[in-house]
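S.K.: Next comes the structure file final22.cif, holding mmCIF, C-alpha atoms.
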```cif
data_query
loop_
_atom_site.group_PDB
_atom_site.id
_atom_site.type_symbol
_atom_site.label_atom_id
_atom_site.label_comp_id
_atom_site.auth_asym_id
_atom_site.auth_seq_id
_atom_site.Cartn_x
_atom_site.Cartn_y
_atom_site.Cartn_z
ATOM 1 C CA MET G 1 121.254 127.281 122.264
ATOM 2 C CA ASP G 2 121.502 123.667 123.175
ATOM 3 C CA SER G 3 123.054 121.493 120.461
ATOM 4 C CA TYR G 4 120.091 119.109 120.600
ATOM 5 C CA VAL G 5 117.674 121.954 119.860
ATOM 6 C CA ALA G 6 119.934 123.190 117.052
ATOM 7 C CA LEU G 7 119.995 119.719 115.497
ATOM 8 C CA LYS G 8 116.207 119.449 115.715
ATOM 9 C CA ILE G 9 115.816 122.804 113.966
ATOM 10 C CA LEU G 10 118.364 121.798 111.321
ATOM 11 C CA TRP G 11 116.571 118.514 110.665
ATOM 12 C CA TRP G 12 113.187 120.252 110.448
ATOM 13 C CA LEU G 13 114.652 122.685 107.902
ATOM 14 C CA LEU G 14 116.157 119.806 105.921
ATOM 15 C CA LEU G 15 112.863 117.941 106.054
ATOM 16 C CA GLY G 16 111.040 121.063 104.859
ATOM 17 C CA VAL G 17 113.402 121.379 101.886
ATOM 18 C CA LEU G 18 112.907 117.695 101.032
ATOM 19 C CA LEU G 19 109.122 117.958 101.216
ATOM 20 C CA MET G 20 109.163 121.117 99.099
ATOM 21 C CA GLY G 21 111.344 119.337 96.548
ATOM 22 C CA LEU G 22 108.850 116.482 96.554
ATOM 23 C CA ALA G 23 105.906 118.825 96.058
ATOM 24 C CA ILE G 24 107.533 120.779 93.253
ATOM 25 C CA MET G 25 109.394 118.103 91.315
ATOM 26 C CA VAL G 26 107.102 115.110 91.680
ATOM 27 C CA GLY G 27 104.066 117.353 91.313
ATOM 28 C CA MET G 28 104.995 118.054 87.715
ATOM 29 C CA ASP G 29 105.256 114.334 86.931
ATOM 30 C CA MET G 30 101.952 113.610 88.619
ATOM 31 C CA GLY G 31 100.314 116.513 86.816
ATOM 32 C CA VAL G 32 101.456 115.228 83.433
ATOM 33 C CA GLY G 33 100.233 111.756 84.366
ATOM 34 C CA ALA G 34 96.861 112.948 85.622
ATOM 35 C CA LEU G 35 96.254 115.149 82.582
ATOM 36 C CA LEU G 36 97.755 112.842 79.952
ATOM 37 C CA ARG G 37 94.452 111.507 78.605
ATOM 38 C CA PHE G 38 92.873 114.964 78.578
ATOM 39 C CA VAL G 39 95.742 117.047 77.189
ATOM 40 C CA GLY G 40 96.959 114.625 74.548
ATOM 41 C CA LYS G 41 94.256 113.780 72.034
ATOM 42 C CA THR G 42 96.538 111.750 69.778
ATOM 43 C CA ASP G 43 99.327 109.325 70.549
ATOM 44 C CA GLY G 44 101.886 111.848 69.281
ATOM 45 C CA GLU G 45 100.619 114.527 71.659
ATOM 46 C CA ARG G 46 100.727 112.099 74.568
ATOM 47 C CA ARG G 47 104.266 111.062 73.648
ATOM 48 C CA GLU G 48 105.240 114.742 73.567
ATOM 49 C CA ALA G 49 103.751 115.275 77.049
ATOM 50 C CA LEU G 50 105.693 112.267 78.339
ATOM 51 C CA ASN G 51 108.888 113.573 76.739
ATOM 52 C CA ILE G 52 108.548 116.737 78.825
ATOM 53 C CA VAL G 53 109.142 114.777 82.037
ATOM 54 C CA GLY G 54 111.214 112.039 80.406
ATOM 55 C CA PRO G 55 114.722 113.244 81.298
ATOM 56 C CA HIS G 56 114.088 113.602 85.038
ATOM 57 C CA TRP G 57 111.046 111.573 86.120
ATOM 58 C CA ASP G 58 113.062 108.806 87.761
ATOM 59 C CA GLY G 59 115.216 111.253 89.710
ATOM 60 C CA ASN G 60 112.102 112.830 91.175
ATOM 61 C CA GLN G 61 111.241 109.625 93.024
ATOM 62 C CA VAL G 62 114.330 110.255 95.146
ATOM 63 C CA TRP G 63 112.636 113.173 96.937
ATOM 64 C CA PHE G 64 109.975 110.822 98.308
ATOM 65 C CA ILE G 65 112.570 108.308 99.517
ATOM 66 C CA LEU G 66 114.829 110.991 101.032
ATOM 67 C CA GLY G 67 111.889 112.549 102.889
ATOM 68 C CA GLY G 68 110.957 109.211 104.462
ATOM 69 C CA GLY G 69 114.609 108.506 105.282
ATOM 70 C CA ALA G 70 115.066 111.928 106.885
ATOM 71 C CA ILE G 71 111.999 111.428 109.075
ATOM 72 C CA PHE G 72 113.281 107.983 110.052
ATOM 73 C CA ALA G 73 116.784 109.269 110.861
ATOM 74 C CA ALA G 74 115.898 112.407 112.768
ATOM 75 C CA PHE G 75 112.490 111.716 114.287
ATOM 76 C CA PRO G 76 111.986 107.965 114.733
ATOM 77 C CA THR G 77 108.941 108.371 116.997
ATOM 78 C CA LEU G 78 107.253 110.627 114.458
ATOM 79 C CA TYR G 79 108.152 108.138 111.722
ATOM 80 C CA ALA G 80 106.754 105.167 113.639
ATOM 81 C CA THR G 81 103.600 107.018 114.618
ATOM 82 C CA SER G 82 102.770 108.655 111.311
ATOM 83 C CA PHE G 83 103.631 105.653 109.185
ATOM 84 C CA SER G 84 101.503 103.354 111.344
ATOM 85 C CA VAL G 85 98.553 105.747 111.460
ATOM 86 C CA PHE G 86 98.859 106.381 107.711
ATOM 87 C CA TYR G 87 99.640 102.755 106.832
ATOM 88 C CA ILE G 88 96.943 102.464 104.148
ATOM 89 C CA VAL G 89 98.004 105.801 102.711
ATOM 90 C CA MET G 90 101.654 104.788 102.514
ATOM 91 C CA ILE G 91 100.799 101.508 100.785
ATOM 92 C CA LEU G 92 98.651 103.339 98.217
ATOM 93 C CA LEU G 93 101.379 105.932 97.671
ATOM 94 C CA LEU G 94 104.077 103.329 97.237
ATOM 95 C CA PHE G 95 101.942 101.270 94.873
ATOM 96 C CA SER G 96 101.081 104.299 92.747
ATOM 97 C CA MET G 97 104.674 105.514 92.755
ATOM 98 C CA ILE G 98 105.793 102.070 91.610
ATOM 99 C CA MET G 99 103.155 101.878 88.880
ATOM 100 C CA ARG G 100 104.008 105.289 87.412
ATOM 101 C CA PRO G 101 107.528 104.332 86.273
ATOM 102 C CA VAL G 102 106.244 100.950 85.115
ATOM 103 C CA ALA G 103 103.597 102.661 82.975
ATOM 104 C CA PHE G 104 106.176 105.144 81.737
ATOM 105 C CA GLU G 105 108.555 102.398 80.628
ATOM 106 C CA TYR G 106 106.091 99.828 79.304
ATOM 107 C CA ARG G 107 103.905 102.253 77.358
ATOM 108 C CA SER G 108 106.095 102.175 74.261
ATOM 109 C CA LYS G 109 107.132 98.507 74.390
ATOM 110 C CA VAL G 110 104.291 97.321 72.102
ATOM 111 C CA ALA G 111 103.085 99.496 69.205
ATOM 112 C CA THR G 112 99.340 98.836 69.458
ATOM 113 C CA ASP G 113 96.686 101.359 70.424
ATOM 114 C CA ARG G 114 95.110 99.113 73.040
ATOM 115 C CA TRP G 115 98.466 98.536 74.791
ATOM 116 C CA ARG G 116 99.309 102.246 74.905
ATOM 117 C CA THR G 117 95.809 103.226 75.965
ATOM 118 C CA SER G 118 95.845 100.798 78.876
ATOM 119 C CA TRP G 119 99.234 102.068 80.068
ATOM 120 C CA ASP G 120 98.042 105.650 79.617
ATOM 121 C CA TRP G 121 95.184 104.891 82.025
ATOM 122 C CA VAL G 122 97.610 103.314 84.494
ATOM 123 C CA PHE G 123 99.771 106.440 84.180
ATOM 124 C CA LEU G 124 96.717 108.659 84.753
ATOM 125 C CA ILE G 125 95.588 106.736 87.840
ATOM 126 C CA SER G 126 99.112 106.577 89.279
ATOM 127 C CA GLY G 127 99.399 110.343 88.789
ATOM 128 C CA ALA G 128 96.001 111.243 90.229
ATOM 129 C CA VAL G 129 95.929 108.920 93.260
ATOM 130 C CA PRO G 130 98.965 110.475 95.029
ATOM 131 C CA MET G 131 97.572 113.986 94.567
ATOM 132 C CA ILE G 132 94.254 112.960 96.104
ATOM 133 C CA ILE G 133 96.022 111.146 98.942
ATOM 134 C CA TYR G 134 98.418 114.055 99.626
ATOM 135 C CA GLY G 135 95.468 116.439 99.763
ATOM 136 C CA ALA G 136 93.519 114.184 102.105
ATOM 137 C CA ALA G 137 96.569 113.533 104.292
ATOM 138 C CA PHE G 138 97.505 117.209 104.635
ATOM 139 C CA GLY G 139 93.881 118.125 105.279
ATOM 140 C CA ASN G 140 93.759 115.394 107.890
ATOM 141 C CA ILE G 141 96.949 116.685 109.499
ATOM 142 C CA LEU G 142 95.585 120.239 109.620
ATOM 143 C CA GLU G 143 92.216 119.037 110.915
ATOM 144 C CA GLY G 144 93.839 116.816 113.513
ATOM 145 C CA VAL G 145 95.065 113.285 113.190
ATOM 146 C CA GLY G 146 93.567 110.692 115.495
ATOM 147 C CA PHE G 147 96.604 110.046 117.689
ATOM 148 C CA HIS G 148 98.350 111.732 120.575
ATOM 149 C CA PHE G 149 101.436 111.200 122.682
ATOM 150 C CA GLY G 150 101.184 110.285 126.330
ATOM 151 C CA TRP G 151 103.545 111.331 129.112
ATOM 152 C CA ASP G 152 105.149 107.900 128.986
ATOM 153 C CA GLY G 153 106.438 108.504 125.426
ATOM 154 C CA GLN G 154 103.936 106.146 123.825
ATOM 155 C CA TYR G 155 101.419 107.188 121.249
ATOM 156 C CA TYR G 156 97.750 106.370 121.400
ATOM 157 C CA GLN G 157 95.739 106.040 118.220
ATOM 158 C CA THR G 158 92.101 107.080 118.527
ATOM 159 C CA GLU G 159 91.031 106.777 114.871
ATOM 160 C CA SER G 160 92.386 105.633 111.532
ATOM 161 C CA PHE G 161 93.042 107.696 108.419
ATOM 162 C CA LEU G 162 90.027 106.273 106.573
ATOM 163 C CA GLY G 163 87.828 106.624 109.625
ATOM 164 C CA SER G 164 88.707 110.286 109.954
ATOM 165 C CA ILE G 165 87.905 110.922 106.276
ATOM 166 C CA LEU G 166 84.696 108.919 106.086
ATOM 167 C CA PHE G 167 83.128 109.686 109.444
ATOM 168 C CA ARG G 168 83.714 113.416 109.957
#
```
Before we go any further, please render this structure as C-alpha coordinates.
M.R.:
Amino acid sequence: MDSYVALKILWWLLLGVLLMGLAIMVGMDMGVGALLRFVGKTDGERREALNIVGPHWDGNQVWFILGGGAIFAAFPTLYATSFSVFYIVMILLLFSMIMRPVAFEYRSKVATDRWRTSWDWVFLISGAVPMIIYGAAFGNILEGVGFHFGWDGQYYQTESFLGSILFR
(Lines of atoms letter the chains of each structure in order from A and count residues from 1; the text may use other names and numbers.)
(Lines give C-alpha, C1' and ligand atoms only; values in the text may rest on other atoms or scores of the structure.)
Protein backbone atom coordinates (compact mmCIF):
# COMPACT_ATOMS: atom_id res chain seq x y z
CA MET A 1 0.00 0.00 0.00
CA ASP A 2 1.26 3.40 -0.90
CA SER A 3 2.17 5.56 2.10
CA TYR A 4 -0.03 8.38 0.81
CA VAL A 5 -3.06 6.09 0.74
CA ALA A 6 -2.21 4.79 4.22
CA LEU A 7 -2.00 8.35 5.55
CA LYS A 8 -5.35 9.24 3.97
CA ILE A 9 -6.98 6.21 5.59
CA LEU A 10 -5.36 7.04 8.94
CA TRP A 11 -6.58 10.64 8.77
CA TRP A 12 -10.10 9.54 7.82
CA LEU A 13 -10.12 7.18 10.82
CA LEU A 14 -8.86 9.96 13.09
CA LEU A 15 -11.46 12.33 11.71
CA GLY A 16 -14.17 9.71 12.28
CA VAL A 17 -13.09 9.32 15.92
CA LEU A 18 -13.11 13.10 16.39
CA LEU A 19 -16.57 13.47 14.86
CA MET A 20 -17.89 10.60 16.98
CA GLY A 21 -16.43 12.25 20.07
CA LEU A 22 -18.15 15.47 19.05
CA ALA A 23 -21.48 13.73 18.54
CA ILE A 24 -21.35 11.84 21.82
CA MET A 25 -19.78 14.35 24.19
CA VAL A 26 -21.17 17.64 22.91
CA GLY A 27 -24.52 16.00 22.24
CA MET A 28 -25.06 15.54 25.96
CA ASP A 29 -24.35 19.22 26.64
CA MET A 30 -26.65 20.32 23.84
CA GLY A 31 -29.35 17.95 25.05
CA VAL A 32 -29.22 19.37 28.56
CA GLY A 33 -29.33 22.88 27.11
CA ALA A 34 -32.23 22.16 24.77
CA LEU A 35 -34.27 20.43 27.47
CA LEU A 36 -33.35 22.72 30.37
CA ARG A 37 -36.58 24.74 30.38
CA PHE A 38 -38.73 21.62 29.98
CA VAL A 39 -36.99 19.24 32.39
CA GLY A 40 -36.31 21.69 35.19
CA LYS A 41 -39.49 23.25 36.53
CA THR A 42 -37.78 25.09 39.37
CA ASP A 43 -34.47 26.91 39.56
CA GLY A 44 -33.07 24.14 41.77
CA GLU A 45 -33.93 21.47 39.20
CA ARG A 46 -32.35 23.52 36.43
CA ARG A 47 -29.22 24.03 38.53
CA GLU A 48 -29.08 20.27 39.10
CA ALA A 49 -29.34 19.63 35.34
CA LEU A 50 -26.52 22.10 34.72
CA ASN A 51 -24.40 20.45 37.41
CA ILE A 52 -24.62 17.18 35.47
CA VAL A 53 -22.57 18.65 32.62
CA GLY A 54 -20.70 21.16 34.77
CA PRO A 55 -17.41 19.28 35.26
CA HIS A 56 -16.77 18.64 31.56
CA TRP A 57 -18.78 21.03 29.37
CA ASP A 58 -15.81 23.22 28.46
CA GLY A 59 -13.65 20.24 27.52
CA ASN A 60 -16.31 19.07 25.09
CA GLN A 61 -15.82 22.16 22.93
CA VAL A 62 -12.38 20.78 22.09
CA TRP A 63 -13.89 18.02 19.93
CA PHE A 64 -15.39 20.63 17.60
CA ILE A 65 -12.09 22.52 17.31
CA LEU A 66 -10.02 19.34 16.82
CA GLY A 67 -12.39 18.12 14.09
CA GLY A 68 -12.03 21.38 12.15
CA GLY A 69 -8.26 21.35 12.68
CA ALA A 70 -7.96 17.75 11.49
CA ILE A 71 -9.92 18.53 8.32
CA PHE A 72 -7.72 21.58 7.74
CA ALA A 73 -4.48 19.63 8.30
CA ALA A 74 -5.26 16.51 6.32
CA PHE A 75 -7.72 17.60 3.65
CA PRO A 76 -7.28 21.31 2.91
CA THR A 77 -9.37 21.19 -0.29
CA LEU A 78 -12.24 19.54 1.56
CA TYR A 79 -11.88 22.12 4.34
CA ALA A 80 -11.91 25.06 1.93
CA THR A 81 -14.82 23.69 -0.05
CA SER A 82 -17.06 22.58 2.80
CA PHE A 83 -16.41 25.60 4.97
CA SER A 84 -17.16 27.99 2.10
CA VAL A 85 -20.29 26.13 1.02
CA PHE A 86 -21.44 25.86 4.65
CA TYR A 87 -20.31 29.38 5.61
CA ILE A 88 -23.65 30.41 7.12
CA VAL A 89 -23.84 27.12 8.98
CA MET A 90 -20.36 27.51 10.44
CA ILE A 91 -21.09 31.05 11.61
CA LEU A 92 -24.32 29.90 13.30
CA LEU A 93 -22.52 26.96 14.90
CA LEU A 94 -19.68 29.09 16.17
CA PHE A 95 -22.05 31.73 17.52
CA SER A 96 -24.18 29.14 19.31
CA MET A 97 -21.12 27.33 20.65
CA ILE A 98 -19.81 30.64 21.98
CA MET A 99 -23.14 31.57 23.57
CA ARG A 100 -23.54 28.24 25.38
CA PRO A 101 -20.52 28.70 27.67
CA VAL A 102 -21.42 32.36 28.15
CA ALA A 103 -24.93 31.37 29.26
CA PHE A 104 -23.49 28.63 31.44
CA GLU A 105 -21.15 31.03 33.23
CA TYR A 106 -23.36 34.11 33.47
CA ARG A 107 -26.52 32.32 34.59
CA SER A 108 -25.57 32.36 38.26
CA LYS A 109 -23.84 35.76 38.37
CA VAL A 110 -27.01 37.65 39.43
CA ALA A 111 -29.55 36.04 41.78
CA THR A 112 -32.76 37.30 40.17
CA ASP A 113 -35.36 35.18 38.41
CA ARG A 114 -35.45 37.36 35.31
CA TRP A 115 -31.66 37.17 34.87
CA ARG A 116 -31.58 33.38 35.22
CA THR A 117 -34.61 32.90 33.00
CA SER A 118 -33.09 34.96 30.21
CA TRP A 119 -29.82 33.01 30.37
CA ASP A 120 -31.78 29.75 30.50
CA TRP A 121 -33.42 30.72 27.20
CA VAL A 122 -30.02 31.59 25.71
CA PHE A 123 -28.77 28.19 26.91
CA LEU A 124 -31.81 26.48 25.36
CA ILE A 125 -31.40 28.22 22.00
CA SER A 126 -27.63 27.62 21.92
CA GLY A 127 -28.29 23.93 22.63
CA ALA A 128 -31.08 23.48 20.10
CA VAL A 129 -29.64 25.44 17.16
CA PRO A 130 -26.55 23.20 16.67
CA MET A 131 -28.68 20.05 16.73
CA ILE A 132 -30.99 21.46 14.06
CA ILE A 133 -28.02 22.63 11.99
CA TYR A 134 -26.16 19.30 12.33
CA GLY A 135 -29.29 17.45 11.23
CA ALA A 136 -29.82 19.74 8.26
CA ALA A 137 -26.14 19.62 7.29
CA PHE A 138 -25.89 15.82 7.46
CA GLY A 139 -29.17 15.47 5.59
CA ASN A 140 -27.84 17.89 3.00
CA ILE A 141 -24.61 15.91 2.70
CA LEU A 142 -26.52 12.64 2.24
CA GLU A 143 -28.93 14.26 -0.23
CA GLY A 144 -26.10 15.88 -2.15
CA VAL A 145 -24.39 19.16 -1.55
CA GLY A 146 -24.45 21.71 -4.34
CA PHE A 147 -20.77 21.58 -5.32
CA HIS A 148 -18.51 19.32 -7.31
CA PHE A 149 -14.84 19.09 -8.18
CA GLY A 150 -13.63 19.63 -11.71
CA TRP A 151 -10.70 17.91 -13.40
CA ASP A 152 -8.60 21.01 -12.84
CA GLY A 153 -8.77 20.58 -9.04
CA GLN A 154 -11.15 23.49 -8.54
CA TYR A 155 -14.56 23.18 -7.01
CA TYR A 156 -17.71 24.59 -8.51
CA GLN A 157 -20.59 25.60 -6.28
CA THR A 158 -24.02 25.17 -7.84
CA GLU A 159 -26.21 26.04 -4.83
CA SER A 160 -25.90 27.29 -1.28
CA PHE A 161 -26.79 25.49 1.94
CA LEU A 162 -29.91 27.60 2.52
CA GLY A 163 -30.94 27.30 -1.10
CA SER A 164 -30.74 23.53 -0.95
CA ILE A 165 -32.88 23.44 2.21
CA LEU A 166 -35.49 25.97 1.15
CA PHE A 167 -35.92 25.13 -2.51
CA ARG A 168 -35.94 21.32 -2.63
S.K.: Nearest residue to Arg116 (chain G) out of G:Ser3, G:Ser82, G:Asn140, G:Thr42, using only C-alpha atoms?
M.R.: G:Thr42
S.K.: Looking at G:Ser84, G:Ala137, G:Gly67, G:Asp2, which one is nearest to Val17 (chain G), with distances taken over all atoms listed in the file?
M.R.: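 Closest residue, counting all atoms listed in the file: G:Gly67.
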S.K.: Run the PyMOL selection byres ((chain G and resi 96) around 10) against the file shown and list the residues it catches, as a list in words.
M.R.: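 That expression, the PyMOL selection byres ((chain G and resi 96) around 10), corresponds here to Met90, Ile91, Leu92, Leu93, Leu94, Phe95, Met97, Ile98, Met99, Arg100, Pro101, Val102, Val122, Phe123, Ile125, Ser126, Gly127, Ala128, Val129 and Pro130 of chain G.
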S.K.: Residues near Trp57 (chain G), anyone? I mean within 10 Å using all atoms listed in the file, not counting same-chain ones fewer than 6 positions away, as a list in words.
M.R.: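 Here the qualifying residues turn out to be Met25, Val26, Met28, Asp29, Met30, Leu50, Asn51, Arg100, Pro101 and Phe104 of chain G.
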S.K.: Restricting the calculation to all atoms listed in the file: of G:Ala111, G:Asp43, G:Gly68, G:Trp63, which residue gets closest to Ala80 (chain G)?
M.R.: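 When distances to Ala80 (chain G) are compared using all atoms listed in the file, the smallest one comes from G:Gly68.
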S.K.: Applied to the shown file, which residues does the PyMOL selection byres ((chain G and resi 37) around 8) return, written as a ChimeraX atom specification?
M.R.: /G:34-36,38-41,46,120-121,124
S.K.: Starting from 6 Å padding per side, set up an axis-aligned box that covers all listed atoms of region 84-102 of chain G and hand over centre and edge lengths in Å, one decimal, as JSON.
M.R.:
```
{"center_x": 102.2, "center_y": 103.7, "center_z": 98.3, "size_x": 22.6, "size_y": 17.4, "size_z": 38.3}
```
S.K.: Quick one: region 129-140 of chain G with all heavy atoms, as a PDB file, in the coordinates of the input?
M.R.:
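The resulting file, part09.pdb, is reproduced below:
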```pdb
ATOM      1  N   VAL G 129      96.098 109.477  91.914  1.00  0.00           N
ATOM      2  CA  VAL G 129      95.929 108.920  93.260  1.00  0.00           C
ATOM      3  C   VAL G 129      96.848 109.601  94.290  1.00  0.00           C
ATOM      4  O   VAL G 129      96.362 109.987  95.363  1.00  0.00           O
ATOM      5  CB  VAL G 129      96.118 107.384  93.241  1.00  0.00           C
ATOM      6  CG1 VAL G 129      96.307 106.825  94.631  1.00  0.00           C
ATOM      7  CG2 VAL G 129      94.936 106.725  92.568  1.00  0.00           C
ATOM      8  N   PRO G 130      98.143 109.797  94.008  1.00  0.00           N
ATOM      9  CA  PRO G 130      98.965 110.475  95.029  1.00  0.00           C
ATOM     10  C   PRO G 130      98.508 111.901  95.321  1.00  0.00           C
ATOM     11  O   PRO G 130      98.566 112.331  96.467  1.00  0.00           O
ATOM     12  CB  PRO G 130     100.367 110.471  94.424  1.00  0.00           C
ATOM     13  CG  PRO G 130     100.380 109.348  93.480  1.00  0.00           C
ATOM     14  CD  PRO G 130      98.990 109.285  92.928  1.00  0.00           C
ATOM     15  N   MET G 131      98.031 112.621  94.310  1.00  0.00           N
ATOM     16  CA  MET G 131      97.572 113.986  94.567  1.00  0.00           C
ATOM     17  C   MET G 131      96.344 113.988  95.472  1.00  0.00           C
ATOM     18  O   MET G 131      96.236 114.822  96.377  1.00  0.00           O
ATOM     19  CB  MET G 131      97.268 114.695  93.254  1.00  0.00           C
ATOM     20  CG  MET G 131      98.522 115.045  92.486  1.00  0.00           C
ATOM     21  SD  MET G 131      98.220 116.106  91.095  1.00  0.00           S
ATOM     22  CE  MET G 131      97.568 114.957  89.918  1.00  0.00           C
ATOM     23  N   ILE G 132      95.435 113.062  95.249  1.00  0.00           N
ATOM     24  CA  ILE G 132      94.254 112.960  96.104  1.00  0.00           C
ATOM     25  C   ILE G 132      94.658 112.567  97.522  1.00  0.00           C
ATOM     26  O   ILE G 132      94.179 113.134  98.506  1.00  0.00           O
ATOM     27  CB  ILE G 132      93.261 111.947  95.509  1.00  0.00           C
ATOM     28  CG1 ILE G 132      92.705 112.491  94.184  1.00  0.00           C
ATOM     29  CG2 ILE G 132      92.131 111.637  96.480  1.00  0.00           C
ATOM     30  CD1 ILE G 132      91.969 111.469  93.360  1.00  0.00           C
ATOM     31  N   ILE G 133      95.580 111.606  97.625  1.00  0.00           N
ATOM     32  CA  ILE G 133      96.022 111.146  98.942  1.00  0.00           C
ATOM     33  C   ILE G 133      96.792 112.242  99.678  1.00  0.00           C
ATOM     34  O   ILE G 133      96.580 112.449 100.874  1.00  0.00           O
ATOM     35  CB  ILE G 133      96.872 109.877  98.803  1.00  0.00           C
ATOM     36  CG1 ILE G 133      95.981 108.710  98.394  1.00  0.00           C
ATOM     37  CG2 ILE G 133      97.609 109.561 100.090  1.00  0.00           C
ATOM     38  CD1 ILE G 133      96.729 107.454  98.086  1.00  0.00           C
ATOM     39  N   TYR G 134      97.695 112.963  98.980  1.00  0.00           N
ATOM     40  CA  TYR G 134      98.418 114.055  99.626  1.00  0.00           C
ATOM     41  C   TYR G 134      97.448 115.115 100.135  1.00  0.00           C
ATOM     42  O   TYR G 134      97.593 115.620 101.247  1.00  0.00           O
ATOM     43  CB  TYR G 134      99.417 114.709  98.675  1.00  0.00           C
ATOM     44  CG  TYR G 134     100.646 113.901  98.390  1.00  0.00           C
ATOM     45  CD1 TYR G 134     101.228 113.924  97.134  1.00  0.00           C
ATOM     46  CD2 TYR G 134     101.238 113.113  99.357  1.00  0.00           C
ATOM     47  CE1 TYR G 134     102.364 113.186  96.852  1.00  0.00           C
ATOM     48  CE2 TYR G 134     102.365 112.372  99.099  1.00  0.00           C
ATOM     49  CZ  TYR G 134     102.923 112.415  97.842  1.00  0.00           C
ATOM     50  OH  TYR G 134     104.047 111.687  97.563  1.00  0.00           O
ATOM     51  N   GLY G 135      96.453 115.456  99.332  1.00  0.00           N
ATOM     52  CA  GLY G 135      95.468 116.439  99.763  1.00  0.00           C
ATOM     53  C   GLY G 135      94.692 115.979 100.980  1.00  0.00           C
ATOM     54  O   GLY G 135      94.497 116.737 101.937  1.00  0.00           O
ATOM     55  N   ALA G 136      94.257 114.718 100.966  1.00  0.00           N
ATOM     56  CA  ALA G 136      93.519 114.184 102.105  1.00  0.00           C
ATOM     57  C   ALA G 136      94.412 114.087 103.339  1.00  0.00           C
ATOM     58  O   ALA G 136      93.973 114.384 104.455  1.00  0.00           O
ATOM     59  CB  ALA G 136      92.938 112.818 101.760  1.00  0.00           C
ATOM     60  N   ALA G 137      95.660 113.679 103.146  1.00  0.00           N
ATOM     61  CA  ALA G 137      96.569 113.533 104.292  1.00  0.00           C
ATOM     62  C   ALA G 137      96.894 114.889 104.908  1.00  0.00           C
ATOM     63  O   ALA G 137      96.856 115.041 106.136  1.00  0.00           O
ATOM     64  CB  ALA G 137      97.850 112.823 103.859  1.00  0.00           C
ATOM     65  N   PHE G 138      97.191 115.898 104.075  1.00  0.00           N
ATOM     66  CA  PHE G 138      97.505 117.209 104.635  1.00  0.00           C
ATOM     67  C   PHE G 138      96.268 117.848 105.263  1.00  0.00           C
ATOM     68  O   PHE G 138      96.369 118.504 106.296  1.00  0.00           O
ATOM     69  CB  PHE G 138      98.118 118.132 103.581  1.00  0.00           C
ATOM     70  CG  PHE G 138      99.568 117.867 103.345  1.00  0.00           C
ATOM     71  CD1 PHE G 138     100.008 117.394 102.124  1.00  0.00           C
ATOM     72  CD2 PHE G 138     100.488 118.067 104.351  1.00  0.00           C
ATOM     73  CE1 PHE G 138     101.346 117.121 101.905  1.00  0.00           C
ATOM     74  CE2 PHE G 138     101.835 117.799 104.154  1.00  0.00           C
ATOM     75  CZ  PHE G 138     102.257 117.329 102.916  1.00  0.00           C
ATOM     76  N   GLY G 139      95.113 117.648 104.650  1.00  0.00           N
ATOM     77  CA  GLY G 139      93.881 118.125 105.279  1.00  0.00           C
ATOM     78  C   GLY G 139      93.627 117.442 106.604  1.00  0.00           C
ATOM     79  O   GLY G 139      93.191 118.064 107.575  1.00  0.00           O
ATOM     80  N   ASN G 140      93.920 116.155 106.659  1.00  0.00           N
ATOM     81  CA  ASN G 140      93.759 115.394 107.890  1.00  0.00           C
ATOM     82  C   ASN G 140      94.737 115.871 108.957  1.00  0.00           C
ATOM     83  O   ASN G 140      94.390 115.955 110.137  1.00  0.00           O
ATOM     84  CB  ASN G 140      93.981 113.915 107.593  1.00  0.00           C
ATOM     85  CG  ASN G 140      93.056 113.024 108.341  1.00  0.00           C
ATOM     86  OD1 ASN G 140      92.307 113.477 109.182  1.00  0.00           O
ATOM     87  ND2 ASN G 140      93.098 111.755 108.036  1.00  0.00           N
TER      88      ASN G 140
END
```
